[in-house]
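Text of the file structure19.cif, holding mmCIF, C-alpha atoms and all ligand atoms:
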```cif
data_target
#
loop_
_atom_site.label_atom_id
_atom_site.label_comp_id
_atom_site.auth_asym_id
_atom_site.auth_seq_id
_atom_site.Cartn_x
_atom_site.Cartn_y
_atom_site.Cartn_z
CA MET A 1 -6.99 63.29 -19.29
CA ALA A 2 -8.51 61.18 -16.51
CA VAL A 3 -7.93 62.22 -12.91
CA PRO A 4 -4.86 60.20 -11.75
CA GLU A 5 -5.39 57.42 -9.20
CA ARG A 6 -3.42 59.24 -6.49
CA LEU A 7 -5.78 62.22 -6.70
CA LEU A 8 -8.91 60.07 -6.80
CA ILE A 9 -7.90 58.77 -3.37
CA ASP A 10 -7.70 62.26 -1.86
CA TYR A 11 -10.80 63.85 -3.45
CA PRO A 12 -13.59 64.84 -3.30
CA GLN A 13 -13.25 66.37 0.16
CA LEU A 14 -16.02 67.94 2.21
CA TRP A 15 -14.88 71.13 3.97
CA GLU A 16 -16.68 73.29 6.48
CA LEU A 17 -15.96 77.01 6.13
CA GLU A 18 -15.45 79.29 9.13
CA ASP A 19 -19.18 80.16 9.11
CA GLY A 20 -20.29 76.51 8.95
CA THR A 21 -21.03 76.42 5.17
CA GLU A 22 -20.21 73.00 3.71
CA VAL A 23 -18.41 72.87 0.36
CA THR A 24 -16.93 70.16 -1.86
CA VAL A 25 -13.32 70.35 -3.06
CA ARG A 26 -12.13 68.30 -6.05
CA PRO A 27 -9.92 68.45 -9.13
CA MET A 28 -11.45 70.25 -12.12
CA VAL A 29 -12.70 67.98 -14.93
CA LYS A 30 -13.45 69.00 -18.51
CA GLU A 31 -17.22 68.98 -17.84
CA ASP A 32 -16.64 71.96 -15.48
CA ARG A 33 -16.04 74.29 -18.43
CA ASP A 34 -19.42 76.10 -18.29
CA LYS A 35 -19.52 76.26 -14.50
CA LEU A 36 -16.03 77.75 -14.44
CA ALA A 37 -17.01 80.34 -17.07
CA GLU A 38 -20.02 81.29 -14.88
CA PHE A 39 -17.72 81.53 -11.86
CA PHE A 40 -15.40 84.01 -13.56
CA LYS A 41 -18.43 86.11 -14.62
CA ARG A 42 -19.03 86.73 -10.90
CA ILE A 43 -15.50 88.11 -10.39
CA PRO A 44 -15.42 91.95 -10.53
CA ASP A 45 -13.91 93.41 -13.70
CA GLN A 46 -11.18 95.34 -11.83
CA GLU A 47 -9.92 91.97 -10.49
CA LEU A 48 -10.26 90.13 -13.81
CA ARG A 49 -8.18 92.74 -15.58
CA VAL A 50 -5.10 91.90 -13.48
CA LEU A 51 -5.43 88.10 -13.46
CA LYS A 52 -2.53 86.41 -15.23
CA ASP A 53 -4.80 84.89 -17.89
CA ASP A 54 -7.62 86.65 -19.70
CA VAL A 55 -10.57 84.48 -18.64
CA THR A 56 -13.18 86.70 -20.25
CA GLY A 57 -14.62 85.45 -23.54
CA GLY A 58 -14.23 81.75 -22.72
CA THR A 59 -11.29 80.84 -24.99
CA VAL A 60 -8.80 80.39 -22.16
CA ILE A 61 -11.28 78.34 -20.12
CA ASP A 62 -11.94 76.17 -23.21
CA GLN A 63 -8.19 75.54 -23.45
CA TRP A 64 -7.97 74.65 -19.75
CA ALA A 65 -10.86 72.17 -20.09
CA GLN A 66 -9.51 70.63 -23.29
CA SER A 67 -5.90 70.28 -22.21
CA LEU A 68 -6.14 69.12 -18.61
CA ASP A 69 -2.79 67.67 -17.58
CA TYR A 70 -2.80 67.13 -13.82
CA ASP A 71 0.94 66.47 -13.75
CA ARG A 72 1.54 69.98 -15.03
CA VAL A 73 -1.38 71.93 -13.55
CA LEU A 74 -3.55 70.68 -10.70
CA PRO A 75 -6.73 72.79 -10.68
CA LEU A 76 -8.88 72.38 -7.56
CA VAL A 77 -12.43 73.69 -7.71
CA VAL A 78 -14.71 74.33 -4.75
CA GLU A 79 -18.39 73.65 -5.29
CA ILE A 80 -21.58 74.36 -3.42
CA GLY A 81 -24.90 73.15 -4.82
CA GLY A 82 -23.40 72.63 -8.29
CA ARG A 83 -21.92 76.16 -8.38
CA ILE A 84 -18.16 76.68 -8.49
CA ILE A 85 -17.17 79.23 -5.83
CA ALA A 86 -13.37 79.01 -5.95
CA ASP A 87 -10.56 77.89 -8.23
CA ALA A 88 -7.01 77.23 -7.02
CA THR A 89 -4.16 75.87 -9.10
CA LEU A 90 -0.72 74.34 -8.58
CA HIS A 91 1.59 74.73 -11.59
CA ARG A 92 4.75 72.72 -12.04
CA ARG A 93 7.29 71.42 -14.50
CA ARG A 94 8.45 67.82 -14.45
CA GLN A 95 11.94 68.53 -15.76
CA GLY A 96 14.48 71.34 -15.96
CA TRP A 97 15.66 73.86 -13.39
CA ARG A 98 12.16 74.72 -12.23
CA ARG A 99 11.28 71.11 -11.40
CA HIS A 100 11.42 71.77 -7.62
CA LEU A 101 9.06 74.78 -7.81
CA GLY A 102 5.28 75.03 -7.68
CA GLY A 103 3.38 78.11 -8.80
CA VAL A 104 0.06 78.82 -7.09
CA ARG A 105 -2.99 80.90 -7.93
CA VAL A 106 -6.35 81.23 -6.19
CA VAL A 107 -9.60 83.08 -6.91
CA VAL A 108 -12.66 83.05 -4.63
CA ASP A 109 -16.24 84.11 -5.47
CA PRO A 110 -16.82 87.52 -3.76
CA GLU A 111 -19.87 86.11 -1.94
CA PHE A 112 -17.70 83.51 -0.19
CA ARG A 113 -14.67 85.62 0.78
CA HIS A 114 -13.36 86.27 4.31
CA ARG A 115 -14.33 82.78 5.45
CA GLY A 116 -10.84 81.31 5.25
CA LEU A 117 -11.43 79.53 1.93
CA ALA A 118 -8.37 80.85 0.04
CA SER A 119 -6.16 80.17 3.08
CA ARG A 120 -7.39 76.60 3.27
CA LEU A 121 -6.91 76.07 -0.47
CA LEU A 122 -3.32 77.32 -0.23
CA ALA A 123 -2.69 74.98 2.70
CA GLU A 124 -4.13 72.11 0.63
CA LEU A 125 -1.93 72.96 -2.38
CA ALA A 126 1.10 73.21 -0.09
CA ASP A 127 0.30 69.71 1.24
CA VAL A 128 -0.03 68.31 -2.28
CA ALA A 129 3.21 70.02 -3.35
CA THR A 130 5.09 68.65 -0.33
CA ARG A 131 3.80 65.13 -1.01
CA GLU A 132 4.90 65.48 -4.65
CA GLY A 133 8.41 66.42 -3.50
CA LEU A 134 8.35 70.10 -4.45
CA MET A 135 10.59 72.38 -2.36
CA ARG A 136 9.16 75.84 -2.82
CA LEU A 137 5.90 77.55 -3.77
CA TYR A 138 5.85 80.88 -5.56
CA VAL A 139 3.20 83.35 -6.57
CA GLU A 140 3.41 86.32 -8.92
CA LEU A 141 1.06 89.19 -8.09
CA PRO A 142 0.42 92.78 -9.10
CA ALA A 143 2.01 94.88 -6.31
CA ASP A 144 -1.29 96.77 -5.86
CA ASP A 145 -3.37 93.61 -5.17
CA LYS A 146 -3.45 94.22 -1.38
CA PRO A 147 -5.94 91.44 -0.40
CA ALA A 148 -3.93 88.82 -2.29
CA ILE A 149 -0.58 90.03 -0.92
CA GLU A 150 -2.00 90.01 2.64
CA LEU A 151 -3.38 86.51 2.08
CA PHE A 152 -0.03 85.10 0.94
CA ARG A 153 1.92 86.95 3.69
CA ALA A 154 -0.49 85.60 6.30
CA ARG A 155 0.33 82.10 5.00
CA GLY A 156 4.08 82.66 5.40
CA PHE A 157 5.02 83.70 1.85
CA LYS A 158 7.86 86.26 1.69
CA GLU A 159 8.46 88.86 -1.02
CA VAL A 160 11.67 88.00 -2.90
CA ALA A 161 11.51 90.20 -5.99
CA ARG A 162 9.77 93.20 -7.44
CA PHE A 163 9.76 94.30 -11.09
CA GLY A 164 8.71 97.86 -11.90
CA ASP A 165 5.97 98.43 -14.51
CA TYR A 166 6.12 94.77 -15.52
CA ILE A 167 2.49 93.67 -15.88
CA LEU A 168 0.33 95.02 -18.66
CA ASP A 169 -3.30 94.56 -17.64
CA ARG A 170 -6.21 94.02 -20.03
CA LYS A 171 -6.96 97.75 -20.06
CA GLY A 172 -3.37 98.60 -21.06
CA LYS A 173 -2.23 99.83 -17.61
CA TYR A 174 1.19 98.87 -16.21
CA HIS A 175 1.57 97.50 -12.67
CA ASP A 176 4.61 96.48 -10.63
CA LEU A 177 4.94 92.69 -10.21
CA VAL A 178 5.90 91.10 -6.89
CA VAL A 179 7.13 87.51 -6.49
CA LEU A 180 6.58 85.78 -3.15
CA HIS A 181 8.06 82.45 -2.01
CA LEU A 182 7.21 79.86 0.60
CA ASP A 183 9.85 77.24 1.33
CA LEU A 184 8.26 73.84 1.94
CA ILE A 185 11.49 72.09 2.86
CA TYR A 186 14.42 73.59 4.74
CA ARG A 187 17.49 73.94 2.51
CA GLU A 188 21.11 74.42 3.62
C1 LIG B 201 -7.30 87.23 -2.42
C2 LIG B 201 -8.49 86.27 -2.27
C3 LIG B 201 -8.16 84.96 -2.97
C4 LIG B 201 -8.76 86.03 -0.78
O1 LIG B 201 -9.78 85.03 -0.65
P1 LIG B 201 -10.51 84.78 0.76
O2 LIG B 201 -11.15 83.42 0.69
O3 LIG B 201 -11.37 85.92 1.09
O4 LIG B 201 -9.28 84.74 1.78
P2 LIG B 201 -9.30 84.23 3.29
O5 LIG B 201 -10.68 84.35 3.87
O6 LIG B 201 -8.64 82.90 3.36
O7 LIG B 201 -8.39 85.34 3.97
C5 LIG B 201 -7.11 85.02 4.41
C6 LIG B 201 -6.30 86.29 4.72
O8 LIG B 201 -6.08 87.04 3.54
C7 LIG B 201 -6.06 88.43 3.86
N1 LIG B 201 -7.15 89.08 3.14
C8 LIG B 201 -8.15 88.50 2.43
N2 LIG B 201 -8.94 89.44 1.88
C9 LIG B 201 -8.42 90.64 2.26
C10 LIG B 201 -8.78 92.01 2.03
N3 LIG B 201 -9.84 92.33 1.26
N4 LIG B 201 -8.00 92.97 2.54
C11 LIG B 201 -6.92 92.69 3.30
N5 LIG B 201 -6.54 91.40 3.58
C12 LIG B 201 -7.28 90.42 3.06
C13 LIG B 201 -6.21 88.51 5.35
O9 LIG B 201 -4.91 88.46 5.92
C14 LIG B 201 -6.97 87.25 5.67
O10 LIG B 201 -6.76 86.82 6.97
P3 LIG B 201 -7.89 87.18 8.08
O11 LIG B 201 -9.18 86.60 7.55
O12 LIG B 201 -7.38 86.50 9.30
O13 LIG B 201 -7.92 88.67 8.14
C15 LIG B 201 -9.79 86.90 -2.90
O14 LIG B 201 -9.94 88.22 -2.42
C16 LIG B 201 -9.78 86.91 -4.42
O15 LIG B 201 -10.22 85.94 -5.05
N6 LIG B 201 -9.28 88.01 -5.05
C17 LIG B 201 -9.26 88.14 -6.50
C18 LIG B 201 -8.28 87.18 -7.15
C19 LIG B 201 -6.86 87.41 -6.73
O16 LIG B 201 -6.37 88.53 -6.61
N7 LIG B 201 -6.18 86.28 -6.54
C20 LIG B 201 -4.76 86.27 -6.28
C21 LIG B 201 -4.05 85.96 -7.55
S1 LIG B 201 -3.11 84.49 -7.35
#
```
What would the structure in this file look like if it were written as structure tokens?
Ligand SMILES: CC(C)(COP(=O)(O)OP(=O)(O)OC[C@H]1O[C@@H](n2cnc3c(N)ncnc32)[C@H](O)[C@@H]1OP(=O)(O)O)[C@@H](O)C(=O)NCCC(=O)NCCS
Amino acid sequence: MAVPERLLIDYPQLWELEDGTEVTVRPMVKEDRDKLAEFFKRIPDQELRVLKDDVTGGTVIDQWAQSLDYDRVLPLVVEIGGRIIADATLHRRRQGWRRHLGGVRVVVDPEFRHRGLASRLLAELADVATREGLMRLYVELPADDKPAIELFRARGFKEVARFGDYILDRKGKYHDLVVLHLDLIYRE
């Protein structure tokens, strides 16, 4: 699928990180498959094992690259010198009772953490979601993923639900799941 016109207008963007590093932000295209696989190889195994999708082995990344549908999932990648250093996604449904909701996920290369990149990506996805008329963002996280929970709390997300022993990680260990929400539009 080609990048829709409305996204071509907004991207690529040049961002300066808190330490002055310049990076490029743009929607993922199918040619990013190998670069994205390399990116996930740099993510520590203990983090990979609790990501929602199993990105080891390449099959899931192949599927992402082959079935890009920006109306359903908007994947933004951050690049520096041809290397992907972050991946952030906005997930939505066009119809049905979830049509006002946007799911978000973000992963940052360990070498580029603590420079405000994930925060800025979440702010960008919130802007896109607001422009697209979505009313609420949500994220589902393992309750023991402290950095991620702190990140989303710092951006105004509030915990709304917790499910005990709900996630089964790749190593067969159960974790509690927390759901956090951020309202984009005030509702009565
Ligand atoms: C969570 C993650 C995305 C943060 O990325 P980042 O670019 O380092 O985040 P930022 O620099 O924007 O940090 C924003 C805030 O998050 C919180 N935070 C980030 N890393 C943290 C850590 N290791 N411990 C505690 N809080 C942390 C802080 O509140 C921080 O604000 P501060 O810099 O003012 O202290 C990154 O650690 C990561 O990719 N983790 C693995 C993947 C994951 O768990 N993703 C979430 C699933 S959706």
- [ ] Check every protein, DNA and RNA residue against ligand LIG 201 (chain B), keep those with an atom at most 6 Å away (counting only C-alpha atoms and all ligand atoms), and present them as a ChimeraX atom specification.
- [x] /A:47,105-108,113-119,147-148,150-151,154
Atoms to include: C-alpha atoms. Write the selected residues as an mmCIF file, in the coordinates of the input.
```
data_model
loop_
_atom_site.group_PDB
_atom_site.id
_atom_site.type_symbol
_atom_site.label_atom_id
_atom_site.label_comp_id
_atom_site.auth_asym_id
_atom_site.auth_seq_id
_atom_site.Cartn_x
_atom_site.Cartn_y
_atom_site.Cartn_z
ATOM 1 C CA GLU A 47 -9.920 91.970 -10.490
ATOM 2 C CA ARG A 105 -2.990 80.900 -7.930
ATOM 3 C CA VAL A 106 -6.350 81.230 -6.190
ATOM 4 C CA VAL A 107 -9.600 83.080 -6.910
ATOM 5 C CA VAL A 108 -12.660 83.050 -4.630
ATOM 6 C CA ARG A 113 -14.670 85.620 0.780
ATOM 7 C CA HIS A 114 -13.360 86.270 4.310
ATOM 8 C CA ARG A 115 -14.330 82.780 5.450
ATOM 9 C CA GLY A 116 -10.840 81.310 5.250
ATOM 10 C CA LEU A 117 -11.430 79.530 1.930
ATOM 11 C CA ALA A 118 -8.370 80.850 0.040
ATOM 12 C CA SER A 119 -6.160 80.170 3.080
ATOM 13 C CA PRO A 147 -5.940 91.440 -0.400
ATOM 14 C CA ALA A 148 -3.930 88.820 -2.290
ATOM 15 C CA GLU A 150 -2.000 90.010 2.640
ATOM 16 C CA LEU A 151 -3.380 86.510 2.080
ATOM 17 C CA ALA A 154 -0.490 85.600 6.300
#
```
Task: Non-local contacts of Asp69 of chain A (8 Å; all atoms listed in the file; under 4 positions in same chain excluded) as number ranges by chain - done: A: 1, 73-74
- [ ] Could you check which of A:Leu141, A:Met28, A:Ala129, A:Leu8 is closest to Gln66 of chain A, using all atoms listed in the file?
- [x]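 Smallest distance to Gln66 of chain A is found for A:Met28.
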TODO: Record the distance separating atom CA of Gln63 of chain A and atom CA of His91 of chain A, expressed in Å with one decimal.
DONE: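 That distance, rounded to one decimal, is 15.4 Å.
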- [ ] Mind checking which residues fall within 12 Å of Asp145 of chain A, counting all atoms listed in the file, ignoring those fewer than 3 positions away in the same chain, and posting them as a ChimeraX atom specification?
- [x] /A:46-51,140-142,148-152,175-178
Open item on the list: Using Å and a single decimal, report how far atom CA of Leu14 of chain A sits from atom CA of Gly81 of chain A.
Closed with: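 Interatomic distance here is 12.5 Å.
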Open item on the list: So that I can see what lies close to Asp183 of chain A, please list as an MDAnalysis selection string the residues with an atom at most 10 Å from it, counting all atoms listed in the file and leaving out residues fewer than 5 positions away in the same chain.
Closed with: chainID A and resid 101 126 130 134:138 156:158
Open item on the list: Considering all atoms listed in the file, can you say which of A:Val55, A:Val77, A:Leu182, A:Val3 comes closest to Asp32 of chain A?
Closed with: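 Of the candidates, the smallest distance to Asp32 of chain A is held by A:Val77.
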- [ ] Go through A:Ala65, A:Leu125, A:Ala143, A:Val78 one by one, measure the shortest atom-to-atom distance of each to Val25 of chain A using all atoms listed in the file, and give the residue with the smallest value.
- [x]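 Using all atoms listed in the file, Val25 of chain A sits closest to A:Val78.
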Task: Given all atoms listed in the file as the counted atoms, nearest of A:Val179, A:Ile9, A:Val60, A:Ile43 to Val104 of chain A - done: A:Val179
Edge lengths and centre, in Å to one decimal, as JSON: that's what I need for the box along x, y and z that holds all listed atoms of segment 85-104 of chain A plus 3 Å on each side.
```
{"center_x": -0.8, "center_y": 73.5, "center_z": -10.9, "size_x": 38.8, "size_y": 17.4, "size_z": 16.1}
```
Open item on the list: Under the rule that all atoms listed in the file are counted, which of A:Arg42, A:Arg92, A:Arg83, A:Lys52 is the nearest residue to Val128 of chain A?
Closed with: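 Smallest separation from Val128 of chain A among the options: A:Arg92.
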Open item on the list: Measuring between all atoms listed in the file, which one of A:Arg6, A:Arg170, A:Arg162, A:Arg153 shows the shortest distance to Leu122 of chain A?
Closed with: A:Arg153
Open item on the list: I'd like the interatomic distance between atom CA of Glu22 of chain A and atom CA of Asp62 of chain A, to a tenth of an Å.
Closed with: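 Answer for the atom CA of Glu22 of chain A to atom CA of Asp62 of chain A separation: 28.3 Å.
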